[in-house]
Structures are given as C-alpha cells and as structure tokens.
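Trainee: Compact mmCIF, N, CA and C atoms, saved as my_file-v4.txt, coming up:
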```txt
# COMPACT_ATOMS: atom_id res chain seq x y z
N MET A 1212 10.40 -7.51 -12.70
CA MET A 1212 9.28 -6.88 -12.03
C MET A 1212 9.23 -7.38 -10.59
N THR A 1213 9.02 -6.47 -9.65
CA THR A 1213 8.95 -6.88 -8.25
C THR A 1213 7.60 -7.48 -7.93
N LYS A 1214 7.62 -8.41 -7.02
CA LYS A 1214 6.39 -9.07 -6.60
C LYS A 1214 5.51 -8.08 -5.86
N LYS A 1215 4.23 -8.03 -6.23
CA LYS A 1215 3.28 -7.14 -5.59
C LYS A 1215 2.76 -7.79 -4.31
N THR A 1216 2.46 -6.95 -3.33
CA THR A 1216 2.00 -7.42 -2.03
C THR A 1216 0.57 -6.98 -1.79
N ILE A 1217 -0.27 -7.93 -1.41
CA ILE A 1217 -1.67 -7.68 -1.11
C ILE A 1217 -1.90 -7.96 0.37
N MET A 1218 -2.40 -6.96 1.09
CA MET A 1218 -2.68 -7.13 2.51
C MET A 1218 -4.18 -7.13 2.74
N LEU A 1219 -4.64 -8.15 3.45
CA LEU A 1219 -6.03 -8.23 3.88
C LEU A 1219 -6.07 -7.97 5.37
N ALA A 1220 -7.08 -7.27 5.82
CA ALA A 1220 -7.20 -6.99 7.25
C ALA A 1220 -8.62 -7.29 7.71
N CYS A 1221 -8.72 -7.87 8.88
CA CYS A 1221 -10.02 -8.11 9.51
C CYS A 1221 -9.84 -7.86 11.01
N ALA A 1222 -10.85 -8.12 11.77
CA ALA A 1222 -10.81 -7.80 13.20
C ALA A 1222 -9.57 -8.41 13.87
N GLY A 1223 -9.37 -9.70 13.68
CA GLY A 1223 -8.23 -10.35 14.34
C GLY A 1223 -7.22 -10.94 13.39
N GLY A 1224 -7.48 -10.88 12.10
CA GLY A 1224 -6.57 -11.46 11.12
C GLY A 1224 -6.81 -12.93 10.87
N MET A 1225 -7.78 -13.51 11.56
CA MET A 1225 -8.02 -14.95 11.45
C MET A 1225 -8.95 -15.30 10.29
N SER A 1226 -10.07 -14.62 10.19
CA SER A 1226 -11.04 -15.01 9.16
C SER A 1226 -10.52 -14.73 7.76
N THR A 1227 -9.64 -13.78 7.61
CA THR A 1227 -9.09 -13.50 6.28
C THR A 1227 -8.00 -14.51 5.90
N SER A 1228 -7.52 -15.28 6.86
CA SER A 1228 -6.46 -16.25 6.55
C SER A 1228 -6.93 -17.29 5.53
N LEU A 1229 -8.15 -17.77 5.66
CA LEU A 1229 -8.69 -18.72 4.69
C LEU A 1229 -8.82 -18.06 3.32
N LEU A 1230 -9.24 -16.82 3.30
CA LEU A 1230 -9.36 -16.10 2.04
C LEU A 1230 -7.99 -15.92 1.38
N VAL A 1231 -6.97 -15.69 2.18
CA VAL A 1231 -5.60 -15.58 1.65
C VAL A 1231 -5.23 -16.87 0.92
N THR A 1232 -5.54 -18.00 1.53
CA THR A 1232 -5.25 -19.30 0.91
C THR A 1232 -5.95 -19.44 -0.44
N LYS A 1233 -7.23 -19.03 -0.47
CA LYS A 1233 -8.00 -19.11 -1.72
C LYS A 1233 -7.43 -18.16 -2.78
N MET A 1234 -7.01 -16.98 -2.35
CA MET A 1234 -6.44 -16.01 -3.29
C MET A 1234 -5.11 -16.51 -3.85
N LYS A 1235 -4.30 -17.12 -3.01
CA LYS A 1235 -3.01 -17.67 -3.47
C LYS A 1235 -3.25 -18.76 -4.50
N ALA A 1236 -4.26 -19.59 -4.29
CA ALA A 1236 -4.58 -20.65 -5.25
C ALA A 1236 -5.04 -20.04 -6.57
N ALA A 1237 -5.85 -18.98 -6.49
CA ALA A 1237 -6.32 -18.30 -7.71
C ALA A 1237 -5.15 -17.67 -8.46
N ALA A 1238 -4.23 -17.07 -7.74
CA ALA A 1238 -3.07 -16.45 -8.37
C ALA A 1238 -2.21 -17.51 -9.05
N LYS A 1239 -1.98 -18.61 -8.36
CA LYS A 1239 -1.17 -19.69 -8.92
C LYS A 1239 -1.80 -20.24 -10.20
N ALA A 1240 -3.12 -20.39 -10.20
CA ALA A 1240 -3.84 -20.90 -11.37
C ALA A 1240 -3.68 -19.97 -12.57
N ASN A 1241 -3.43 -18.69 -12.31
CA ASN A 1241 -3.26 -17.70 -13.38
C ASN A 1241 -1.79 -17.35 -13.62
N ASP A 1242 -0.89 -18.15 -13.05
CA ASP A 1242 0.55 -17.89 -13.16
C ASP A 1242 0.93 -16.50 -12.69
N ALA A 1243 0.21 -15.99 -11.69
CA ALA A 1243 0.52 -14.68 -11.10
C ALA A 1243 1.28 -14.92 -9.80
N ASP A 1244 2.18 -14.03 -9.51
CA ASP A 1244 3.01 -14.20 -8.31
C ASP A 1244 2.83 -12.99 -7.40
N TYR A 1245 2.07 -13.19 -6.32
CA TYR A 1245 1.83 -12.13 -5.35
C TYR A 1245 2.23 -12.61 -3.97
N GLN A 1246 2.60 -11.67 -3.15
CA GLN A 1246 2.74 -11.95 -1.72
C GLN A 1246 1.41 -11.50 -1.12
N ILE A 1247 0.68 -12.43 -0.51
CA ILE A 1247 -0.64 -12.13 0.04
C ILE A 1247 -0.63 -12.55 1.50
N PHE A 1248 -1.06 -11.64 2.38
CA PHE A 1248 -1.09 -11.98 3.80
C PHE A 1248 -2.26 -11.30 4.50
N ALA A 1249 -2.60 -11.84 5.65
CA ALA A 1249 -3.69 -11.30 6.47
C ALA A 1249 -3.11 -10.71 7.75
N THR A 1250 -3.78 -9.68 8.24
CA THR A 1250 -3.35 -9.06 9.49
C THR A 1250 -4.58 -8.56 10.25
N ALA A 1251 -4.37 -8.24 11.49
CA ALA A 1251 -5.44 -7.71 12.34
C ALA A 1251 -5.60 -6.21 12.09
N ALA A 1252 -6.80 -5.72 12.32
CA ALA A 1252 -7.08 -4.29 12.14
C ALA A 1252 -6.11 -3.43 12.95
N ALA A 1253 -5.75 -3.89 14.13
CA ALA A 1253 -4.85 -3.13 15.00
C ALA A 1253 -3.45 -2.97 14.40
N GLU A 1254 -3.09 -3.79 13.42
CA GLU A 1254 -1.76 -3.74 12.81
C GLU A 1254 -1.70 -2.89 11.54
N ILE A 1255 -2.84 -2.43 11.07
CA ILE A 1255 -2.89 -1.74 9.77
C ILE A 1255 -1.94 -0.55 9.72
N ARG A 1256 -2.00 0.32 10.71
CA ARG A 1256 -1.15 1.52 10.70
C ARG A 1256 0.33 1.15 10.60
N ASP A 1257 0.77 0.21 11.43
CA ASP A 1257 2.18 -0.19 11.41
C ASP A 1257 2.58 -0.78 10.07
N ARG A 1258 1.71 -1.59 9.49
CA ARG A 1258 2.01 -2.23 8.20
C ARG A 1258 2.05 -1.20 7.07
N LEU A 1259 1.15 -0.23 7.10
CA LEU A 1259 1.12 0.78 6.04
C LEU A 1259 2.27 1.76 6.11
N THR A 1260 2.76 2.00 7.28
CA THR A 1260 3.83 2.99 7.43
C THR A 1260 5.20 2.34 7.58
N GLY A 1261 5.25 1.02 7.58
CA GLY A 1261 6.53 0.31 7.73
C GLY A 1261 7.32 0.27 6.43
N ASP A 1262 8.50 -0.32 6.53
CA ASP A 1262 9.41 -0.41 5.38
C ASP A 1262 8.85 -1.28 4.26
N GLN A 1263 8.09 -2.30 4.61
CA GLN A 1263 7.58 -3.22 3.60
C GLN A 1263 6.07 -3.06 3.43
N ARG A 1264 5.66 -1.86 3.10
CA ARG A 1264 4.22 -1.60 2.99
C ARG A 1264 3.66 -2.32 1.76
N PRO A 1265 2.39 -2.71 1.84
CA PRO A 1265 1.78 -3.45 0.73
C PRO A 1265 1.47 -2.54 -0.46
N ASP A 1266 1.19 -3.17 -1.59
CA ASP A 1266 0.80 -2.43 -2.78
C ASP A 1266 -0.70 -2.16 -2.80
N VAL A 1267 -1.45 -2.91 -2.01
CA VAL A 1267 -2.90 -2.73 -1.91
C VAL A 1267 -3.37 -3.27 -0.56
N LEU A 1268 -4.42 -2.65 -0.02
CA LEU A 1268 -5.02 -3.07 1.24
C LEU A 1268 -6.50 -3.36 1.01
N LEU A 1269 -6.94 -4.53 1.44
CA LEU A 1269 -8.35 -4.90 1.37
C LEU A 1269 -8.85 -5.16 2.79
N LEU A 1270 -9.95 -4.48 3.14
CA LEU A 1270 -10.55 -4.65 4.46
C LEU A 1270 -11.68 -5.67 4.40
N GLY A 1271 -11.74 -6.52 5.42
CA GLY A 1271 -12.87 -7.42 5.55
C GLY A 1271 -14.13 -6.61 5.82
N PRO A 1272 -15.27 -7.06 5.31
CA PRO A 1272 -16.50 -6.28 5.48
C PRO A 1272 -16.91 -6.07 6.93
N GLN A 1273 -16.47 -6.93 7.84
CA GLN A 1273 -16.83 -6.79 9.24
C GLN A 1273 -16.12 -5.61 9.92
N ILE A 1274 -15.11 -5.04 9.26
CA ILE A 1274 -14.45 -3.86 9.83
C ILE A 1274 -14.62 -2.64 8.92
N ARG A 1275 -15.66 -2.66 8.10
CA ARG A 1275 -15.90 -1.52 7.22
C ARG A 1275 -16.10 -0.23 8.00
N TYR A 1276 -16.46 -0.34 9.28
CA TYR A 1276 -16.65 0.87 10.10
C TYR A 1276 -15.37 1.68 10.27
N ILE A 1277 -14.21 1.09 10.00
CA ILE A 1277 -12.95 1.85 10.08
C ILE A 1277 -12.47 2.27 8.68
N ALA A 1278 -13.30 2.05 7.67
CA ALA A 1278 -12.87 2.31 6.29
C ALA A 1278 -12.47 3.76 6.04
N ASP A 1279 -13.25 4.71 6.54
CA ASP A 1279 -12.92 6.12 6.28
C ASP A 1279 -11.58 6.51 6.88
N LYS A 1280 -11.38 6.13 8.13
CA LYS A 1280 -10.12 6.46 8.80
C LYS A 1280 -8.95 5.74 8.12
N THR A 1281 -9.15 4.50 7.76
CA THR A 1281 -8.10 3.71 7.12
C THR A 1281 -7.81 4.23 5.72
N GLN A 1282 -8.85 4.65 5.00
CA GLN A 1282 -8.66 5.21 3.66
C GLN A 1282 -7.80 6.46 3.73
N ALA A 1283 -8.03 7.29 4.72
CA ALA A 1283 -7.22 8.51 4.88
C ALA A 1283 -5.75 8.16 5.09
N LEU A 1284 -5.49 7.17 5.93
CA LEU A 1284 -4.12 6.73 6.18
C LEU A 1284 -3.51 6.13 4.91
N ALA A 1285 -4.27 5.28 4.23
CA ALA A 1285 -3.79 4.65 3.00
C ALA A 1285 -3.47 5.71 1.94
N ASP A 1286 -4.32 6.72 1.83
CA ASP A 1286 -4.08 7.79 0.88
C ASP A 1286 -2.79 8.54 1.19
N GLN A 1287 -2.52 8.75 2.47
CA GLN A 1287 -1.30 9.46 2.89
C GLN A 1287 -0.04 8.74 2.42
N VAL A 1288 -0.08 7.41 2.41
CA VAL A 1288 1.11 6.64 2.03
C VAL A 1288 1.03 6.08 0.62
N GLY A 1289 -0.05 6.42 -0.11
CA GLY A 1289 -0.16 6.02 -1.51
C GLY A 1289 -0.50 4.56 -1.74
N VAL A 1290 -1.26 3.97 -0.83
CA VAL A 1290 -1.66 2.57 -0.97
C VAL A 1290 -3.16 2.53 -1.28
N PRO A 1291 -3.55 1.98 -2.44
CA PRO A 1291 -4.97 1.87 -2.73
C PRO A 1291 -5.66 0.92 -1.76
N MET A 1292 -6.93 1.21 -1.44
CA MET A 1292 -7.66 0.42 -0.46
C MET A 1292 -9.10 0.25 -0.88
N ALA A 1293 -9.69 -0.88 -0.50
CA ALA A 1293 -11.10 -1.12 -0.73
C ALA A 1293 -11.62 -2.07 0.34
N VAL A 1294 -12.94 -2.06 0.52
CA VAL A 1294 -13.58 -3.03 1.40
C VAL A 1294 -13.99 -4.21 0.52
N ILE A 1295 -13.69 -5.42 0.97
CA ILE A 1295 -14.02 -6.62 0.21
C ILE A 1295 -15.54 -6.77 0.11
N ASN A 1296 -16.00 -7.10 -1.08
CA ASN A 1296 -17.42 -7.35 -1.30
C ASN A 1296 -17.91 -8.40 -0.31
N MET A 1297 -19.03 -8.12 0.35
CA MET A 1297 -19.53 -9.00 1.40
C MET A 1297 -19.84 -10.41 0.88
N HIS A 1298 -20.43 -10.51 -0.29
CA HIS A 1298 -20.74 -11.83 -0.84
C HIS A 1298 -19.47 -12.61 -1.15
N ASP A 1299 -18.49 -11.94 -1.78
CA ASP A 1299 -17.22 -12.60 -2.08
C ASP A 1299 -16.51 -13.05 -0.81
N TYR A 1300 -16.61 -12.23 0.22
CA TYR A 1300 -15.99 -12.57 1.49
C TYR A 1300 -16.70 -13.77 2.13
N GLY A 1301 -18.02 -13.71 2.15
CA GLY A 1301 -18.80 -14.76 2.78
C GLY A 1301 -18.65 -16.11 2.10
N THR A 1302 -18.45 -16.08 0.78
CA THR A 1302 -18.27 -17.33 0.04
C THR A 1302 -16.79 -17.68 -0.15
N MET A 1303 -15.92 -16.86 0.42
CA MET A 1303 -14.47 -17.04 0.31
C MET A 1303 -14.04 -17.19 -1.15
N ASN A 1304 -14.54 -16.28 -1.99
CA ASN A 1304 -14.28 -16.30 -3.42
C ASN A 1304 -12.92 -15.64 -3.70
N GLY A 1305 -11.88 -16.43 -3.62
CA GLY A 1305 -10.53 -15.92 -3.81
C GLY A 1305 -10.30 -15.34 -5.19
N VAL A 1306 -10.96 -15.88 -6.20
CA VAL A 1306 -10.80 -15.38 -7.57
C VAL A 1306 -11.30 -13.94 -7.66
N ASN A 1307 -12.50 -13.68 -7.18
CA ASN A 1307 -13.06 -12.32 -7.27
C ASN A 1307 -12.30 -11.33 -6.41
N VAL A 1308 -11.90 -11.74 -5.21
CA VAL A 1308 -11.16 -10.82 -4.34
C VAL A 1308 -9.79 -10.51 -4.94
N LEU A 1309 -9.17 -11.50 -5.55
CA LEU A 1309 -7.88 -11.26 -6.22
C LEU A 1309 -8.08 -10.28 -7.38
N LYS A 1310 -9.16 -10.43 -8.14
CA LYS A 1310 -9.45 -9.49 -9.23
C LYS A 1310 -9.61 -8.07 -8.70
N THR A 1311 -10.28 -7.92 -7.57
CA THR A 1311 -10.44 -6.60 -6.96
C THR A 1311 -9.07 -6.01 -6.64
N ALA A 1312 -8.21 -6.81 -6.04
CA ALA A 1312 -6.86 -6.32 -5.70
C ALA A 1312 -6.09 -5.92 -6.94
N GLU A 1313 -6.17 -6.76 -7.98
CA GLU A 1313 -5.44 -6.47 -9.22
C GLU A 1313 -5.92 -5.17 -9.86
N GLN A 1314 -7.23 -4.93 -9.82
CA GLN A 1314 -7.76 -3.69 -10.39
C GLN A 1314 -7.25 -2.48 -9.63
N LEU A 1315 -7.08 -2.60 -8.33
CA LEU A 1315 -6.57 -1.48 -7.53
C LEU A 1315 -5.07 -1.25 -7.76
N ILE A 1316 -4.34 -2.31 -8.01
CA ILE A 1316 -2.90 -2.21 -8.21
C ILE A 1316 -2.58 -1.59 -9.57
N LYS A 1317 -3.32 -1.95 -10.59
CA LYS A 1317 -2.99 -1.57 -11.97
C LYS A 1317 -3.02 -0.08 -12.30
N PRO A 1318 -3.99 0.69 -11.79
CA PRO A 1318 -4.07 2.09 -12.25
C PRO A 1318 -2.86 2.91 -12.02
```
Kindly transcribe the structure held in the file into structure tokens.

Mentor:
Amino acid sequence: MTKKTIMLACAGGMSTSLLVTKMKAAAKANDADYQIFATAAAEIRDRLTGDQRPDVLLLGPQIRYIADKTQALADQVGVPMAVINMHDYGTMNGVNVLKTAEQLIKP
C-alpha cells in the first residue's frame, strides 16, 4: 500500500507546522504511516496540480475565506478537502485533525 499524503495549508505555512508535528506523533502512536506537511495558501494550486499531489487537503481556519475557491480546485483534481475545526486547530489537537484527514481519505 502506498503511503498517503496529508497537506495542511495556512496563510504562511508556519502555524500549521506545529500541528503537523502533533499529527505525526498521533499517527506514529497508531502505527499509521502518512506523509504530512504544511504549506502556504499561495502554494495550494501548485501542490494540487503537481506530480506529487496530496491525498487530502486540510485548510487552517484562518484561511477559510478561500475554502470555496480551493474546494473547486480540489474537486477538479479529485482531492478531498476540509477546513480544520477551529477548536482542534486552536488546541493543536493532532489526534482529531488526523481523524478528520483519515475520514476524508477513506471514502
């Protein structure tokens, strides 16, 4: 089975970096193997249309204003997308955010 890739995006890619660390720890605790990375909102289009596009895209709640436009792009390339729950984001709850990603990947 190929490793699934989870992409998180926020305004500059910085605030989601800590969440990536928490998600990786949660995945390791569950013996799950994901490639998880953070990127800036400005990079989303290139990442979604590139050769190594992710299996799921999660937007930080601070950039939810681009969700509709980003959802349309994600739909075009077949990548499921969601906005991260604000409470989970604020508390850096890597377990819950990882569960959200897994639910989007599975269907």

Trainee: Compile the contact shell of A:Ala1252 as a list in words: residues with an atom at most 8 Å away, counting all atoms listed in the file, same-chain residues fewer than 4 positions apart removed.

Mentor: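 The neighbour list is Leu1219, Ala1220, Cys1221, Ala1222, Gly1223, Gly1224, Met1225, Arg1256, Asp1257 and Ile1274 of chain A.
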
Trainee: Skip stretch 1287-1290 of chain A itself and residues of its chain fewer than 6 positions away, then list as an NGL selection string all residues within 6.5 Å of it, counting all atoms listed in the file.

Mentor: :A and (1259 or 1265-1268)

Trainee: Nearest to A:Met1297 among A:Ala1312, A:Thr1281, A:Pro1272, A:Ala1251, with distances taken over only C-alpha atoms: which residue is it?

Mentor: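 Under the stated criterion, the closest residue is A:Pro1272.
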
Trainee: One number please: atom CA of A:Met1234 to atom C of A:Met1218, in Å, one decimal.

Mentor: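 Answer for the atom CA of A:Met1234 to atom C of A:Met1218 separation: 11.0 Å.
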
Trainee: Just the number, please: distance in Å from atom N of A:Thr1260 to atom C of A:Gly1301, one decimal.

Mentor: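 It comes out at 28.5 Å.
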